[in-house]
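Engineer: If it helps, the file is called model_2.txt and holds compact mmCIF, C-alpha atoms and all ligand atoms:
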```txt
# COMPACT_ATOMS: atom_id res chain seq x y z
CA MET Q 1 61.96 63.56 257.08
CA VAL Q 2 58.77 65.43 257.89
CA LYS Q 3 55.75 63.32 258.70
CA VAL Q 4 52.44 64.57 257.44
CA ARG Q 5 49.33 64.96 259.52
CA SER Q 6 47.35 62.05 258.16
CA THR Q 7 50.13 59.64 259.00
CA GLN Q 8 49.02 56.66 261.06
CA ILE Q 9 50.81 54.84 263.82
CA SER Q 10 49.86 51.23 264.58
CA PHE Q 11 50.17 49.75 268.03
CA VAL Q 12 50.58 46.00 268.25
CA ILE Q 13 49.68 44.45 271.58
CA PRO Q 14 49.72 40.68 272.20
CA VAL Q 15 47.38 39.50 274.93
CA PHE Q 16 47.19 36.10 276.53
CA ASN Q 17 45.11 35.43 279.64
CA GLU Q 18 45.37 39.03 280.81
CA GLN Q 19 41.83 39.47 282.16
CA GLU Q 20 43.22 40.91 285.39
CA ALA Q 21 45.56 43.40 283.78
CA ILE Q 22 44.23 44.38 280.37
CA LYS Q 23 41.54 46.88 281.39
CA ASP Q 24 43.80 48.65 283.83
CA PHE Q 25 46.59 48.68 281.26
CA LEU Q 26 44.43 50.15 278.51
CA ASP Q 27 42.43 52.63 280.61
CA ASN Q 28 45.06 53.84 283.04
CA HIS Q 29 48.36 53.37 281.26
CA PHE Q 30 48.15 53.01 277.52
CA LEU Q 31 45.20 55.10 276.35
CA PRO Q 32 46.08 58.17 278.47
CA GLU Q 33 49.52 58.22 276.81
CA LEU Q 34 47.92 57.68 273.42
CA SER Q 35 45.60 60.63 273.90
CA LYS Q 36 48.66 62.86 274.19
CA ILE Q 37 49.54 62.07 270.59
CA SER Q 38 47.63 64.42 268.34
CA LYS Q 39 49.90 64.52 265.31
CA TYR Q 40 48.98 61.08 264.05
CA THR Q 41 45.97 58.87 263.64
CA LYS Q 42 46.21 55.67 265.61
CA GLU Q 43 45.15 52.09 265.26
CA ILE Q 44 45.38 49.64 268.11
CA ILE Q 45 45.79 46.03 267.12
CA LEU Q 46 45.15 43.60 269.95
CA ILE Q 47 46.04 39.99 269.26
CA ASP Q 48 44.24 37.56 271.50
CA ASP Q 49 46.63 34.64 271.57
CA GLY Q 50 44.04 32.00 272.39
CA SER Q 51 43.24 33.19 275.91
CA SER Q 52 41.21 30.79 278.00
CA ASP Q 53 39.87 33.48 280.34
CA ASN Q 54 37.70 36.55 279.61
CA THR Q 55 40.43 38.54 277.87
CA LEU Q 56 38.84 38.25 274.44
CA GLU Q 57 35.42 39.46 275.59
CA ILE Q 58 37.01 42.41 277.36
CA ILE Q 59 38.95 43.59 274.33
CA GLN Q 60 36.01 42.96 271.99
CA GLY Q 61 34.18 45.51 274.14
CA TYR Q 62 36.76 48.15 273.24
CA ALA Q 63 36.44 47.33 269.54
CA SER Q 64 32.66 47.66 269.57
CA THR Q 65 32.83 51.27 270.74
CA ASP Q 66 35.99 52.39 268.96
CA LYS Q 67 36.73 51.56 265.34
CA ASN Q 68 40.43 52.22 265.85
CA PHE Q 69 40.66 49.02 267.84
CA ARG Q 70 41.26 45.92 265.77
CA ILE Q 71 41.06 42.50 267.33
CA ILE Q 72 42.86 39.54 265.86
CA ALA Q 73 41.55 36.47 267.63
CA PHE Q 74 43.74 33.41 267.24
CA SER Q 75 42.05 30.04 267.13
CA ARG Q 76 44.42 28.84 269.86
CA ASN Q 77 47.62 29.85 271.62
CA PHE Q 78 50.39 30.33 269.07
CA GLY Q 79 52.85 32.13 271.33
CA LYS Q 80 53.82 35.74 271.73
CA GLU Q 81 56.32 35.76 268.87
CA VAL Q 82 53.72 34.65 266.35
CA ALA Q 83 51.14 37.03 267.83
CA LEU Q 84 53.52 39.93 267.27
CA SER Q 85 54.06 38.82 263.66
CA ALA Q 86 50.30 38.67 263.04
CA GLY Q 87 49.92 42.16 264.46
CA ILE Q 88 52.75 43.52 262.34
CA ALA Q 89 51.28 41.87 259.24
CA HIS Q 90 47.91 43.53 259.83
CA ALA Q 91 49.26 46.95 260.71
CA THR Q 92 48.53 49.67 258.19
CA GLY Q 93 50.41 52.52 259.85
CA GLU Q 94 53.61 54.21 258.75
CA ALA Q 95 55.15 53.11 262.01
CA VAL Q 96 54.38 50.12 264.20
CA ILE Q 97 54.97 50.10 267.93
CA MET Q 98 54.91 46.81 269.83
CA ILE Q 99 54.13 46.84 273.51
CA ASP Q 100 53.22 44.20 276.14
CA SER Q 101 49.75 44.29 277.61
CA ASP Q 102 50.74 43.75 281.23
CA GLY Q 103 52.18 47.20 281.91
CA GLN Q 104 55.76 46.01 282.24
CA GLN Q 105 56.83 47.99 279.21
CA PRO Q 106 55.76 51.45 280.40
CA ALA Q 107 53.56 53.19 277.86
CA LYS Q 108 54.98 56.61 278.68
CA TYR Q 109 58.04 55.77 276.56
CA ILE Q 110 56.10 55.64 273.31
CA HIS Q 111 56.66 59.38 272.94
CA ASP Q 112 60.43 58.80 272.95
CA PHE Q 113 60.01 56.08 270.34
CA ILE Q 114 58.03 58.38 268.10
CA LYS Q 115 60.51 61.22 268.55
CA ALA Q 116 63.40 58.99 267.50
CA TRP Q 117 61.38 57.85 264.49
CA GLU Q 118 60.58 61.44 263.52
CA ASN Q 119 64.31 62.06 263.62
CA GLY Q 120 64.76 59.40 260.97
CA ALA Q 121 65.29 56.11 262.81
CA ASP Q 122 63.98 53.01 261.01
CA ILE Q 123 63.98 50.94 264.17
CA VAL Q 124 63.71 52.17 267.72
CA THR Q 125 64.58 49.52 270.29
CA GLY Q 126 63.65 49.58 273.95
CA ILE Q 127 66.63 48.60 276.04
CA ARG Q 128 66.06 47.38 279.56
CA THR Q 129 68.57 48.91 281.89
CA ASP Q 130 67.49 46.42 284.54
CA TYR Q 131 67.35 43.35 282.35
CA ASN Q 132 69.06 41.12 284.84
CA LYS Q 133 66.98 42.20 287.80
CA GLY Q 134 63.69 40.82 289.01
CA HIS Q 135 64.31 37.26 287.91
CA GLY Q 136 65.69 34.26 289.71
CA LEU Q 137 69.41 33.55 289.68
CA ILE Q 138 69.26 30.95 286.93
CA PRO Q 139 67.24 33.00 284.40
CA ARG Q 140 69.51 35.94 285.22
CA LEU Q 141 72.68 34.00 284.51
CA GLY Q 142 70.93 32.48 281.51
CA SER Q 143 70.09 35.83 280.01
CA LYS Q 144 73.65 37.12 280.58
CA LEU Q 145 75.05 34.05 278.88
CA PHE Q 146 72.46 34.35 276.14
CA TYR Q 147 73.56 37.83 275.10
CA LYS Q 148 77.23 36.91 275.48
CA LEU Q 149 76.73 33.94 273.15
CA LEU Q 150 74.67 35.97 270.68
CA ASN Q 151 77.46 38.50 270.48
CA LYS Q 152 80.13 35.84 270.13
CA MET Q 153 78.08 34.32 267.33
CA GLY Q 154 78.30 37.51 265.39
CA TYR Q 155 75.01 39.12 266.34
CA LYS Q 156 76.66 42.45 266.86
CA ASN Q 157 73.28 44.00 266.24
CA THR Q 158 71.81 42.51 269.36
CA ILE Q 159 72.28 44.89 272.23
CA PRO Q 160 72.17 43.34 275.72
CA GLY Q 161 68.87 44.10 277.36
CA SER Q 162 67.13 44.76 274.05
CA THR Q 163 63.48 43.80 274.14
CA ASP Q 164 60.60 43.64 271.72
CA PHE Q 165 59.27 46.95 273.00
CA ARG Q 166 60.06 48.55 269.67
CA LEU Q 167 59.04 50.86 266.89
CA LEU Q 168 59.42 49.76 263.28
CA ASP Q 169 59.19 52.05 260.31
CA ARG Q 170 57.04 50.93 257.36
CA ASN Q 171 60.28 50.11 255.46
CA VAL Q 172 61.24 47.58 258.09
CA VAL Q 173 57.69 46.27 258.41
CA SER Q 174 57.51 45.41 254.70
CA GLU Q 175 60.80 43.53 254.91
CA TYR Q 176 59.74 41.81 258.12
CA ASN Q 177 56.52 40.62 256.52
CA LYS Q 178 58.53 38.76 253.88
CA LEU Q 179 60.11 36.48 256.47
CA SER Q 180 58.40 33.13 256.52
CA GLU Q 181 60.02 30.94 259.16
CA HIS Q 182 57.87 29.37 261.82
CA ASN Q 183 60.40 29.26 264.58
CA ARG Q 184 60.76 32.93 265.13
CA ILE Q 185 62.15 35.26 267.70
CA THR Q 186 60.80 38.64 266.75
CA ARG Q 187 63.65 40.72 268.08
CA GLY Q 188 66.27 38.38 266.62
CA LEU Q 189 64.67 38.60 263.19
CA ILE Q 190 64.43 42.38 263.39
CA ASP Q 191 68.10 42.55 264.36
CA TRP Q 192 68.87 40.27 261.44
CA LEU Q 193 67.13 42.64 259.03
CA GLY Q 194 69.74 45.25 259.76
CA PHE Q 195 68.93 48.98 259.59
CA GLU Q 196 70.14 51.54 262.09
CA GLN Q 197 68.61 51.21 265.52
CA ALA Q 198 67.90 54.10 267.78
CA ILE Q 199 67.72 53.27 271.47
CA VAL Q 200 65.30 54.15 274.21
CA GLU Q 201 66.32 53.03 277.69
CA TYR Q 202 63.62 51.98 280.11
CA LYS Q 203 63.03 49.99 283.24
CA TYR Q 204 60.54 47.15 283.48
CA ASP Q 205 57.55 48.13 285.57
CA ASP Q 206 55.81 45.65 287.80
CA ARG Q 207 53.16 43.56 286.17
CA ILE Q 208 49.74 45.17 286.73
CA ALA Q 209 48.25 41.82 287.67
CA GLY Q 210 48.52 38.16 286.82
CA LYS Q 211 51.67 36.15 286.26
CA SER Q 212 54.30 36.01 283.53
CA SER Q 213 53.60 33.06 281.31
CA PHE Q 214 57.29 32.57 280.59
CA ASP Q 215 58.79 30.07 282.97
CA PHE Q 216 62.37 28.88 282.82
CA LYS Q 217 61.46 26.05 280.45
CA LYS Q 218 59.85 28.44 277.97
CA LEU Q 219 62.81 30.82 278.22
CA LEU Q 220 65.29 28.01 277.60
CA HIS Q 221 63.23 26.92 274.62
CA LEU Q 222 63.31 30.50 273.31
CA ALA Q 223 67.08 30.67 273.74
CA ILE Q 224 67.69 27.38 271.94
CA ASN Q 225 65.31 28.44 269.17
CA SER Q 226 67.19 31.69 268.66
CA PHE Q 227 70.46 29.92 268.15
CA ILE Q 228 69.14 27.20 265.89
CA SER Q 229 66.88 29.33 263.74
CA LEU Q 230 69.16 32.29 263.36
CA SER Q 231 72.51 30.69 262.68
CA THR Q 232 74.44 27.59 261.85
CA THR Q 233 76.89 28.32 264.64
CA PRO Q 234 75.94 25.15 266.57
CA LEU Q 235 77.22 23.17 263.60
CA VAL Q 236 80.48 25.08 263.63
CA ILE Q 237 80.86 24.52 267.36
CA LEU Q 238 80.23 20.84 266.75
CA ALA Q 239 82.98 20.78 264.15
CA TYR Q 240 85.36 22.28 266.70
CA VAL Q 241 84.33 19.77 269.35
CA GLY Q 242 84.83 16.96 266.84
CA ALA Q 243 88.24 18.28 265.84
CA PHE Q 244 89.22 18.67 269.48
CA ILE Q 245 88.21 15.11 270.30
CA MET Q 246 90.01 13.78 267.26
CA LEU Q 247 93.15 15.67 268.13
CA GLY Q 248 92.89 14.51 271.74
CA SER Q 249 92.49 10.87 270.80
CA PHE Q 250 95.26 11.17 268.23
CA LEU Q 251 97.64 12.53 270.86
CA LEU Q 252 96.58 9.89 273.35
CA GLY Q 253 97.15 7.24 270.70
CA LEU Q 254 100.57 8.69 269.96
CA PHE Q 255 101.32 8.68 273.68
CA VAL Q 256 100.39 5.01 273.94
CA ILE Q 257 102.51 4.07 270.93
CA ILE Q 258 105.57 5.97 272.15
CA GLN Q 259 105.21 5.25 275.86
CA GLN Q 260 104.27 1.63 275.55
CA TYR Q 261 105.63 0.32 272.31
CA ILE Q 262 108.73 2.44 271.63
CA LEU Q 263 109.93 3.18 275.17
CA GLY Q 264 108.68 -0.11 276.66
CA ASP Q 265 106.19 1.30 279.20
CA PRO Q 266 108.56 3.21 281.57
CA LEU Q 267 105.49 4.57 283.40
CA HIS Q 268 104.27 1.00 284.07
CA LEU Q 269 100.71 1.74 282.91
CA TYR Q 270 100.23 -1.72 281.40
CA TRP Q 271 97.51 -0.36 279.12
CA ASN Q 272 96.36 -3.31 277.09
CA GLY Q 273 94.50 -3.30 273.83
CA ALA Q 274 91.10 -3.33 275.50
CA VAL Q 275 91.90 -0.18 277.51
CA GLN Q 276 93.21 1.56 274.44
CA MET Q 277 90.14 0.61 272.47
CA SER Q 278 87.80 1.84 275.20
CA ILE Q 279 89.48 5.24 275.26
CA PHE Q 280 88.85 5.68 271.57
CA ILE Q 281 85.39 4.22 271.55
CA THR Q 282 84.26 6.39 274.46
CA PHE Q 283 85.42 9.45 272.60
CA LEU Q 284 83.72 8.36 269.43
CA VAL Q 285 80.46 7.56 271.18
CA GLY Q 286 80.44 11.03 272.74
CA LEU Q 287 81.13 12.60 269.40
CA ILE Q 288 78.37 10.66 267.71
CA LEU Q 289 75.85 11.48 270.41
CA VAL Q 290 76.55 15.19 270.21
CA SER Q 291 76.34 15.25 266.45
CA GLN Q 292 73.16 13.19 266.43
CA ALA Q 293 71.50 15.60 268.81
CA THR Q 294 72.52 18.60 266.77
CA ILE Q 295 71.45 17.09 263.48
CA ALA Q 296 68.15 16.11 265.04
CA LEU Q 297 67.56 19.69 266.13
CA TYR Q 298 68.14 20.95 262.64
CA ILE Q 299 65.96 18.29 261.09
CA SER Q 300 63.13 19.13 263.46
CA HIS Q 301 63.35 22.72 262.31
CA ILE Q 302 63.48 21.76 258.66
CA HIS Q 303 60.47 19.55 259.30
CA ALA Q 304 58.48 22.39 260.81
CA GLU Q 305 59.37 24.73 257.95
CA ALA Q 306 58.77 22.13 255.23
CA GLN Q 307 55.24 21.46 256.38
CA GLY Q 308 54.50 24.92 255.08
CA ARG Q 309 51.63 25.46 257.45
CA PRO Q 310 50.30 28.94 257.96
CA LEU Q 311 52.00 30.74 260.80
CA TYR Q 312 48.75 31.23 262.66
CA ILE Q 313 45.02 30.68 262.33
CA ILE Q 314 42.64 33.54 262.87
CA ASN Q 315 39.18 32.96 264.25
CA LYS Q 316 37.33 35.40 261.97
CA LYS Q 317 34.07 35.24 263.89
CA GLN Q 318 35.75 36.45 267.05
CA SER Q 319 37.96 39.06 265.38
CA ARG Q 320 36.84 42.67 265.05
CA ASN Q 321 37.41 45.56 262.62
CA LEU Q 322 39.98 43.65 260.58
CA LYS Q 323 40.72 44.86 257.11
CA ASP Q 324 40.65 42.06 254.56
CA LYS Q 325 44.09 40.62 254.06
N1 LIG O 401 51.75 36.71 275.59
C1 LIG O 401 51.15 36.21 274.42
N2 LIG O 401 51.18 34.84 274.21
C2 LIG O 401 51.79 33.97 275.07
C3 LIG O 401 52.41 34.50 276.23
C4 LIG O 401 52.37 35.87 276.45
O1 LIG O 401 50.61 36.96 273.62
O2 LIG O 401 51.76 32.77 274.81
C5 LIG O 401 51.73 38.18 275.83
C6 LIG O 401 51.28 38.60 277.23
O3 LIG O 401 49.89 38.79 277.30
C7 LIG O 401 52.04 39.91 277.41
C8 LIG O 401 53.32 39.67 276.64
O4 LIG O 401 53.05 38.64 275.71
O5 LIG O 401 51.37 41.00 276.81
C9 LIG O 401 54.46 39.31 277.55
O6 LIG O 401 54.14 38.15 278.27
P1 LIG O 401 54.61 37.89 279.75
O7 LIG O 401 54.33 39.07 280.58
O8 LIG O 401 54.00 36.60 280.15
O9 LIG O 401 56.18 37.70 279.56
P2 LIG O 401 57.41 38.46 280.26
O10 LIG O 401 56.97 39.86 280.56
O11 LIG O 401 57.72 37.68 281.45
O12 LIG O 401 58.46 38.41 279.20
MG MG O 402 55.35 40.67 281.22
```
What's the structure tokens form of this structure?
Ligand code: UDP
Ligand code: MG
Structural biologist:
Amino acid sequence: MVKVRSTQISFVIPVFNEQEAIKDFLDNHFLPELSKISKYTKEIILIDDGSSDNTLEIIQGYASTDKNFRIIAFSRNFGKEVALSAGIAHATGEAVIMIDSDGQQPAKYIHDFIKAWENGADIVTGIRTDYNKGHGLIPRLGSKLFYKLLNKMGYKNTIPGSTDFRLLDRNVVSEYNKLSEHNRITRGLIDWLGFEQAIVEYKYDDRIAGKSSFDFKKLLHLAINSFISLSTTPLVILAYVGAFIMLGSFLLGLFVIIQQYILGDPLHLYWNGAVQMSIFITFLVGLILVSQATIALYISHIHAEAQGRPLYIINKKQSRNLKDK
């Protein structure tokens, strides 16, 4: 496939309380790399995800001097995943590249992304070669387990260390824009869409300034969301647990009948009816609790989807250079 000269590439950059990093990122990291690209026109879509600091004012400044900057200002914080979706939905380019605004996803790799795309890739995925470094022990173990589970659950498409530093071809973007769920993990959904993925390996850089806004609680929430919203595997696991408990209690019951009633209690356990009942009831209570929790999780997701609310709210007054959508 040969790309023609007027082809546009869109860059989608979510920003949330990045007043310390955003200027440095744009001026010293991102824009210098962008200026090396002469083959394509470029649009830079910055999504302000309800920042409470000066981030919005800073990026509005860029938009007032350069029409290639588009600012989507959210009315409040909707989360990075939703911000990415808004950016993708507003992108007009033939390819869309998503990149963090804190410098951790090094901008110099965008050339590799574009090269892979020019060679025909529909999706180019940034893979962190150091994905289990630089975090505490628990998040590290968590992320290992996360990818292991994803793979076990049949997400063969999800490569360990894959991030949302990605390029999507217009083909993929149009399919992505059809997805309507509220609980969304961008990279999980992209993996779900299929298509061949080309890979670009990279290492996380240090944050330019500021702090990651993903603490362990947010990460755990993200992990649970991925499992619930992308598959019904938790239900299947529950069925196995239920079957296991039923089999266990059946065998225990059989043991009691044979040991106590047929053989006359040679082990001298003297298990009376109350003990036997408690064994079964304990099992059943556990089973019910687990299933209740799982069903509740699903219902909460159905609830969120059924409300049919828009995925995000844009503050039009604060947004800049947006094409009407
Ligand atoms: N971000 C966002 N909304 C949020 C949290 C983060 O748009 O609610 C942006 C943030 O500005 C950055 C990117 O998402 O550009 C990654 O965030 P962060 O660095 O906090 O996460 P980490 O690098 O630890 O995954
Ligand atoms: Mg970061």
Engineer: Can you work out which one of Q:Val173, Q:Leu167, Q:Ile9, Q:Ile22 has the shortest atom-to-atom distance to ligand MG 402 (chain O), counting all atoms listed in the file?
Structural biologist: Q:Ile22
Engineer: Quick one: residues within 8 Å of Q:Phe283, all atoms listed in the file counted, chain neighbours fewer than 3 positions away excluded, as number ranges by chain?
Structural biologist: Q: 245, 249, 279-280, 286-287
Engineer: Taking all atoms listed in the file into account, list the residues no farther than 9 Å from ligand MG 402 (chain O), as an NGL selection string.
Structural biologist: :Q and (100-105 or 204-207 or 211-214)
Engineer: Go ahead and compute the interatomic distance for atom CA of Q:Asp48 and atom CA of Q:Pro160, in Å to one decimal.
Structural biologist: 28.8 Å
Engineer: Which one of Q:Asp53, Q:Glu18, Q:Glu181, Q:Glu33 sits closest to ligand LIG 401 (chain O) if you count only C-alpha atoms and all ligand atoms?
Structural biologist: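 Smallest separation from ligand LIG 401 (chain O) among the options: Q:Glu18.
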Engineer: If I take atom CA of Q:Ile313 and atom CA of Q:Phe78, how far is one from the other in Å, to one decimal?
Structural biologist: 8.6 Å
Engineer: Could you check how far atom O2 of ligand LIG 401 (chain O) sits from atom CA of Q:Asp191, in Å to one decimal?
Structural biologist: 21.7 Å
Engineer: Which of these residues is nearest to Q:Gly50, using all atoms listed in the file: Q:Met98, Q:Leu222, Q:Ala274, Q:Ile314?
Structural biologist: Q:Ile314
Engineer: From the list Q:Leu168, Q:Val275, Q:Leu141, Q:Ile288, which residue is nearest Q:Phe216 when using all atoms listed in the file?
Structural biologist: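 Distance minimum relative to Q:Phe216 lands on Q:Leu141.
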Engineer: Pick out the residues sitting within 8 Å of Q:Gly161, and hand them over as a PDB file with C-alpha atoms, keeping the file's coordinate frame; count all atoms listed in the file, and ignore anything fewer than 4 positions along from it in its own chain.
Structural biologist:
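Result went into around_26.pdb, see below:
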```
ATOM      1  CA  ILE Q 127      66.630  48.600 276.040  1.00  0.00           C
ATOM      2  CA  ARG Q 128      66.060  47.380 279.560  1.00  0.00           C
ATOM      3  CA  THR Q 129      68.570  48.910 281.890  1.00  0.00           C
ATOM      4  CA  ASP Q 130      67.490  46.420 284.540  1.00  0.00           C
ATOM      5  CA  TYR Q 131      67.350  43.350 282.350  1.00  0.00           C
TER       6      TYR Q 131
END
```
Engineer: Please determine, counting all atoms listed in the file, which residue among Q:Ile208, Q:Ala296, Q:Ile190, Q:Ala95 has the shortest atom-to-atom distance to ligand LIG 401 (chain O).
Structural biologist: Q:Ile208
Engineer: Pick out the closest residue to Q:Val172 from this set: Q:Tyr202, Q:Glu94, Q:Lys148, Q:Gly242. Count only C-alpha atoms.
Structural biologist: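 Among the listed residues, Q:Glu94 lies closest to Q:Val172.
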Engineer: Would you mind listing what lies within 8 Å of Q:Asn54 as a PDB file with C-alpha atoms, in the frame of the given file, with all atoms listed in the file counted and same-chain residues fewer than 3 positions away left out?
Structural biologist:
```pdb
ATOM      1  CA  ASN Q  17      45.110  35.430 279.640  1.00  0.00           C
ATOM      2  CA  GLN Q  19      41.830  39.470 282.160  1.00  0.00           C
ATOM      3  CA  SER Q  51      43.240  33.190 275.910  1.00  0.00           C
ATOM      4  CA  GLU Q  57      35.420  39.460 275.590  1.00  0.00           C
ATOM      5  CA  ILE Q  58      37.010  42.410 277.360  1.00  0.00           C
TER       6      ILE Q  58
END
```
Engineer: Using 6 Å of padding on each side, determine the axis-aligned box around all atoms of ligand LIG 401 (chain O) present in the file and give its centre and edge lengths in Å to one decimal, as lines of an AutoDock Vina configuration file.
Structural biologist:
```
center_x = 54.2
center_y = 36.9
center_z = 277.5
size_x = 20.6
size_y = 20.2
size_z = 19.8
```
Engineer: If I put a ball of radius 12 Å at (60.8, 29.0, 275.3) in the file's coordinates, which residues poke into it when counting all atoms listed in the file, written as a list of chain:residue names?
Structural biologist: Q:Gly79, Q:Lys80, Q:Glu81, Q:Pro139, Q:Asn183, Q:Arg184, Q:Ile185, Q:Ser213, Q:Phe214, Q:Asp215, Q:Phe216, Q:Lys217, Q:Lys218, Q:Leu219, Q:Leu220, Q:His221, Q:Leu222, Q:Ala223, Q:Ile224, Q:Asn225, Q:Ser226
Engineer: Filtering to C-alpha atoms, could you give me those residues as a PDB file, in the frame of the given file?
Structural biologist:
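Final file, out.pdb:
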```pdb
ATOM      1  CA  GLY Q  79      52.850  32.130 271.330  1.00  0.00           C
ATOM      2  CA  LYS Q  80      53.820  35.740 271.730  1.00  0.00           C
ATOM      3  CA  GLU Q  81      56.320  35.760 268.870  1.00  0.00           C
ATOM      4  CA  PRO Q 139      67.240  33.000 284.400  1.00  0.00           C
ATOM      5  CA  ASN Q 183      60.400  29.260 264.580  1.00  0.00           C
ATOM      6  CA  ARG Q 184      60.760  32.930 265.130  1.00  0.00           C
ATOM      7  CA  ILE Q 185      62.150  35.260 267.700  1.00  0.00           C
ATOM      8  CA  SER Q 213      53.600  33.060 281.310  1.00  0.00           C
ATOM      9  CA  PHE Q 214      57.290  32.570 280.590  1.00  0.00           C
ATOM     10  CA  ASP Q 215      58.790  30.070 282.970  1.00  0.00           C
ATOM     11  CA  PHE Q 216      62.370  28.880 282.820  1.00  0.00           C
ATOM     12  CA  LYS Q 217      61.460  26.050 280.450  1.00  0.00           C
ATOM     13  CA  LYS Q 218      59.850  28.440 277.970  1.00  0.00           C
ATOM     14  CA  LEU Q 219      62.810  30.820 278.220  1.00  0.00           C
ATOM     15  CA  LEU Q 220      65.290  28.010 277.600  1.00  0.00           C
ATOM     16  CA  HIS Q 221      63.230  26.920 274.620  1.00  0.00           C
ATOM     17  CA  LEU Q 222      63.310  30.500 273.310  1.00  0.00           C
ATOM     18  CA  ALA Q 223      67.080  30.670 273.740  1.00  0.00           C
ATOM     19  CA  ILE Q 224      67.690  27.380 271.940  1.00  0.00           C
ATOM     20  CA  ASN Q 225      65.310  28.440 269.170  1.00  0.00           C
ATOM     21  CA  SER Q 226      67.190  31.690 268.660  1.00  0.00           C
TER      22      SER Q 226
END
```
Engineer: Complete the atoms of stretch 7-18 of chain Q to N, CA and C atoms and put them out as a PDB file, in the coordinates of the input.
Structural biologist:
```
ATOM      1  N   THR Q   7      49.347  60.848 258.755  1.00  0.00           N
ATOM      2  CA  THR Q   7      50.130  59.640 259.000  1.00  0.00           C
ATOM      3  C   THR Q   7      49.562  58.839 260.175  1.00  0.00           C
ATOM      4  N   GLN Q   8      49.566  57.522 260.007  1.00  0.00           N
ATOM      5  CA  GLN Q   8      49.020  56.660 261.060  1.00  0.00           C
ATOM      6  C   GLN Q   8      50.115  55.877 261.778  1.00  0.00           C
ATOM      7  N   ILE Q   9      49.927  55.707 263.040  1.00  0.00           N
ATOM      8  CA  ILE Q   9      50.810  54.840 263.820  1.00  0.00           C
ATOM      9  C   ILE Q   9      49.992  53.649 264.322  1.00  0.00           C
ATOM     10  N   SER Q  10      50.541  52.448 264.122  1.00  0.00           N
ATOM     11  CA  SER Q  10      49.860  51.230 264.580  1.00  0.00           C
ATOM     12  C   SER Q  10      50.500  50.745 265.868  1.00  0.00           C
ATOM     13  N   PHE Q  11      49.656  50.336 266.794  1.00  0.00           N
ATOM     14  CA  PHE Q  11      50.170  49.750 268.030  1.00  0.00           C
ATOM     15  C   PHE Q  11      49.808  48.275 268.046  1.00  0.00           C
ATOM     16  N   VAL Q  12      50.796  47.447 268.272  1.00  0.00           N
ATOM     17  CA  VAL Q  12      50.580  46.000 268.250  1.00  0.00           C
ATOM     18  C   VAL Q  12      50.751  45.458 269.666  1.00  0.00           C
ATOM     19  N   ILE Q  13      49.684  44.878 270.177  1.00  0.00           N
ATOM     20  CA  ILE Q  13      49.680  44.450 271.580  1.00  0.00           C
ATOM     21  C   ILE Q  13      49.222  42.997 271.691  1.00  0.00           C
ATOM     22  N   PRO Q  14      50.134  42.077 272.021  1.00  0.00           N
ATOM     23  CA  PRO Q  14      49.720  40.680 272.200  1.00  0.00           C
ATOM     24  C   PRO Q  14      49.092  40.497 273.580  1.00  0.00           C
ATOM     25  N   VAL Q  15      48.004  39.757 273.629  1.00  0.00           N
ATOM     26  CA  VAL Q  15      47.380  39.500 274.930  1.00  0.00           C
ATOM     27  C   VAL Q  15      47.062  38.023 275.100  1.00  0.00           C
ATOM     28  N   PHE Q  16      47.441  37.505 276.233  1.00  0.00           N
ATOM     29  CA  PHE Q  16      47.190  36.100 276.530  1.00  0.00           C
ATOM     30  C   PHE Q  16      46.826  35.973 277.997  1.00  0.00           C
ATOM     31  N   ASN Q  17      45.598  35.582 278.255  1.00  0.00           N
ATOM     32  CA  ASN Q  17      45.110  35.430 279.640  1.00  0.00           C
ATOM     33  C   ASN Q  17      45.459  36.630 280.510  1.00  0.00           C
ATOM     34  N   GLU Q  18      45.050  37.805 280.072  1.00  0.00           N
ATOM     35  CA  GLU Q  18      45.370  39.030 280.810  1.00  0.00           C
ATOM     36  C   GLU Q  18      44.114  39.665 281.382  1.00  0.00           C
TER      37      GLU Q  18
END
```
